[in-house]
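Working notes, structure below.
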Amino acid sequence: MLRAKGLDKRREGGVIWVAPQPELAKFEQDKEDARIAIDNRVDLVTDYIQINYHSAEAIFKALTEAKGIGNSGNGGSSGGSGNSDKQENGFLSPRGMIVADERTNTLMVSDIPKKIAQMRDLIKVIDRPVDQVLIEGRIVITTDTFARNLGAKFGVQGRRIGDRTQAISGSLAGNSSIINDGLVTNEGLNVNLPANTYTKSPVGALAYTLLGANFSLDVELSAMQEEGRGEVVSNPRIVTANQREGVIKQGKEIGYVTISGGGGLGGAPTANVQFKEVLLELKVTPTITQDNRVFLNMNVKKDEFDTFLEVTDYGTVPIINRREINTAVLVEDGQTVVIGGVYEFTDRSSVSKVPFLGDIPFLGNLFKKRGRNKDKAELLVFVTPKILRVAKAAN
């Protein structure tokens with residue numbers, strides 16, 4: 001009914017005002033203009049707000065970039081510049097200014113008292129300590145090796161002197177020595193396939209020698225079995241604030257030489273020393289959820305130096321074994337989870353033998369060498385986040 005008659009209403013407490021719409025609109029506009037005029041006549045005051053748990057520069061940026069919020073929308077100076085052109089000024093009044101001092105982490109605000117009070121209340125909400133997270137990682141590398149080698153050395157040496165002198169040994173040089181000097185040589189092994197070892201430990205052996213007037217028979221059986229088990233545990237730990245990236249690394253740099261220059265223009269080659277990082281690194285950004293869980297965006301890296309690769313005329317370069325996991329997981333507070341793992345298994349069998357002779361049953365073992373090698377390696381990465389309630393303690 002009011003709209004049909006061009007009227008409108010406003011309620012103030014228990015009173016309802018009814019008037020033509022243009023009249024009410026003009027009344028409200030005049031009231032707002034009066035308020036703005038009063039604010040423009042109020043003397044400006046300057047206040048210094050100390051920022052404790054945040055960055056003054058970040059809060060300054062947030063307050064000045066929020067255009068048209070908390071003011072009349074027809075602005076004043078921008079973020080401490082003091083210009084007279086009409087610009088929106090964030091949470092300040094059109095005449096307000098704000099300056100951030102990074103050295104003392106302080107905000108200097110110049111505005112009417114009402115706006116400064118609002119600014120203090122707003123900063124009190126923003127400038128609060130945030131919870132921290134302790135992230136504990138555990139990198140476990142387990143190895144299990146098994147190797148077995150069976151081998152034999154077999155040699156026959158002898159000579160026959162007569163109208164046709166004959167000799168037998170393991171090589172022509174050995175035959176020549178036996179014929180000319182009548183000596184038993186070290187080159188008399190017809191089969192030389194001994195067992196070997198992956199460590200510096202000596203190989204067990206059993207030898208038999210039969211020596212006659214014009215011949216000798218040498219047999220040596222060797223065997224070796226090795227077993228090794230190892231475990232490498234790395235335990236990086238880091239504390240970082242909520243939604244802040246934390247990085248911890250430990251390792252070394254391995255130097256190697258590179259050659260530059262020495263091209264077709266006759267320049268002399270120049271040796272340069274460069275370094276390669278071999279690191280244990282944990283990089284993580286935690287986010288605490290409302291249900292007291294932790295979302296982890298993390299990168300775990302475990303490098304190991306393997307060996308140097310020989311490059312002819314250029315020295316050596318390092319070979320690095322890399323293990324790296326890049327993932328994002330949601331974990332309960334204090335819970336330990338496995339975020340990744342790699343399992344490797346190698347089984348190798350080898351036989352070295354003399355053709356035909358090595359295939360003779362039983363006796364063929366004197367003409368062959370057998371090897372068996374098994375390697376197992378497993379990499380597991382565990383992570384445990386623990387929330388440190390800093391915000392509640394501060395409150």
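Just so we're on the same page: first chain in the structure tokens is A, next is B, and so on; residues restart at 1 for each chain, and ligands are numbered from 1 in the order they show up.
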Quick one: residues within 6 Å of stretch 148-162 of chain A, only C-alpha atoms, excluding same-chain residues fewer than 4 positions away - as a PyMOL selection string? chain A and resi 166-169+188-195+214-225+366+369-372
Quick one: DSSP helix (DSSP H, G or I) residues in stretch 103-307 of chain A, as a VMD selection string? chain A and resid 113 to 126 172 to 181
Non-local contacts of A:Glu281 (9 Å; only C-alpha atoms; under 3 positions in same chain excluded) as a CSV table (one decimal) with all heavy atoms, in the first residue's frame:
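This went into around25.csv:
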```csv
chain,number,residue,atom,x,y,z
A,236,PRO,N,65.6,-36.3,11.0
A,236,PRO,CA,65.5,-34.9,11.0
A,236,PRO,C,64.2,-34.4,11.8
A,236,PRO,O,63.2,-35.0,11.6
A,236,PRO,CB,65.5,-34.5,9.6
A,236,PRO,CG,64.8,-35.7,8.9
A,236,PRO,CD,65.3,-36.9,9.7
A,247,VAL,N,62.6,-25.6,6.6
A,247,VAL,CA,63.6,-26.4,5.9
A,247,VAL,C,64.7,-26.7,6.9
A,247,VAL,O,65.2,-25.8,7.6
A,247,VAL,CB,64.1,-25.6,4.7
A,247,VAL,CG1,65.2,-26.4,4.0
A,247,VAL,CG2,63.0,-25.2,3.7
A,248,ILE,N,65.1,-27.9,6.9
A,248,ILE,CA,66.3,-28.3,7.6
A,248,ILE,C,67.1,-29.2,6.7
A,248,ILE,O,66.6,-30.1,6.0
A,248,ILE,CB,66.0,-29.0,9.0
A,248,ILE,CG1,67.2,-29.4,9.7
A,248,ILE,CG2,65.1,-30.3,8.7
A,248,ILE,CD1,66.9,-29.9,11.1
A,249,LYS,N,68.4,-29.0,6.7
A,249,LYS,CA,69.3,-29.8,5.8
A,249,LYS,C,70.6,-30.1,6.5
A,249,LYS,O,71.1,-29.2,7.3
A,249,LYS,CB,69.5,-29.1,4.4
A,249,LYS,CG,70.1,-27.8,4.5
A,249,LYS,CD,70.3,-27.2,3.1
A,249,LYS,CE,69.0,-26.9,2.4
A,249,LYS,NZ,69.2,-26.2,1.1
A,250,GLN,N,71.2,-31.2,6.2
A,250,GLN,CA,72.5,-31.6,6.7
A,250,GLN,C,73.2,-32.4,5.7
A,250,GLN,O,72.6,-33.3,5.1
A,250,GLN,CB,72.3,-32.3,8.1
A,250,GLN,CG,73.6,-32.7,8.8
A,250,GLN,CD,74.1,-34.1,8.4
A,250,GLN,OE1,73.2,-34.9,8.0
A,250,GLN,NE2,75.4,-34.4,8.4
A,251,GLY,N,74.5,-32.2,5.5
A,251,GLY,CA,75.2,-33.0,4.5
A,251,GLY,C,76.6,-32.4,4.2
A,251,GLY,O,77.2,-31.7,5.1
A,299,ASN,N,58.6,-32.3,1.3
A,299,ASN,CA,59.6,-32.9,0.5
A,299,ASN,C,60.7,-33.4,1.3
A,299,ASN,O,61.3,-32.7,2.1
A,299,ASN,CB,60.1,-31.8,-0.5
A,299,ASN,CG,61.2,-32.4,-1.4
A,299,ASN,OD1,62.4,-32.3,-1.1
A,299,ASN,ND2,60.8,-32.9,-2.6
A,300,VAL,N,61.0,-34.7,1.2
A,300,VAL,CA,62.1,-35.4,1.9
A,300,VAL,C,63.1,-35.9,0.9
A,300,VAL,O,62.8,-36.5,-0.1
A,300,VAL,CB,61.6,-36.5,2.8
A,300,VAL,CG1,62.7,-37.2,3.6
A,300,VAL,CG2,60.5,-36.1,3.7
A,301,LYS,N,64.4,-35.6,1.2
A,301,LYS,CA,65.5,-36.0,0.3
A,301,LYS,C,66.6,-36.5,1.0
A,301,LYS,O,67.1,-36.0,2.1
A,301,LYS,CB,65.9,-34.7,-0.6
A,301,LYS,CG,67.0,-35.1,-1.6
A,301,LYS,CD,67.2,-34.0,-2.6
A,301,LYS,CE,67.7,-32.7,-1.9
A,301,LYS,NZ,67.9,-31.6,-2.9
A,302,LYS,N,67.1,-37.7,0.6
A,302,LYS,CA,68.3,-38.4,1.2
A,302,LYS,C,69.2,-38.8,0.2
A,302,LYS,O,69.0,-39.7,-0.6
A,302,LYS,CB,67.8,-39.6,2.0
A,302,LYS,CG,68.9,-40.4,2.6
A,302,LYS,CD,69.4,-39.7,3.9
A,302,LYS,CE,70.3,-40.7,4.7
A,302,LYS,NZ,71.7,-40.6,4.5
A,303,ASP,N,70.3,-38.0,0.0
A,303,ASP,CA,71.3,-38.3,-1.0
A,303,ASP,C,72.5,-39.1,-0.3
A,303,ASP,O,72.8,-38.8,0.9
A,303,ASP,CB,71.8,-37.1,-1.6
A,303,ASP,CG,70.8,-36.4,-2.4
A,303,ASP,OD1,69.8,-37.0,-2.8
A,303,ASP,OD2,70.9,-35.2,-2.7
```
Would you kindly return, as an MDAnalysis selection string, each protein, DNA or RNA residue with an atom no farther than 10 Å from any atom of A:Glu245, considering only C-alpha atoms and excluding same-chain residues fewer than 3 positions away? chainID A and resid 239:242 283:287 297:298
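Of the listed residues (A:Val140, A:Met1, A:Val45, A:Ile254), A:Val140 comes nearest to A:Val381; the distances count only C-alpha atoms.
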All residues 9 Å or closer to stretch 315-332 of chain A, only C-alpha atoms, same chain fewer than 4 positions away omitted, as a PyMOL selection string: chain A and resi 254-258+276+278+292-311+336-337+339-341+379+381+384-386
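Using only C-alpha atoms, the smallest distance between any of A:His54, A:Arg138, A:Lys124, A:Lys374 and A:Thr106 comes from A:His54.
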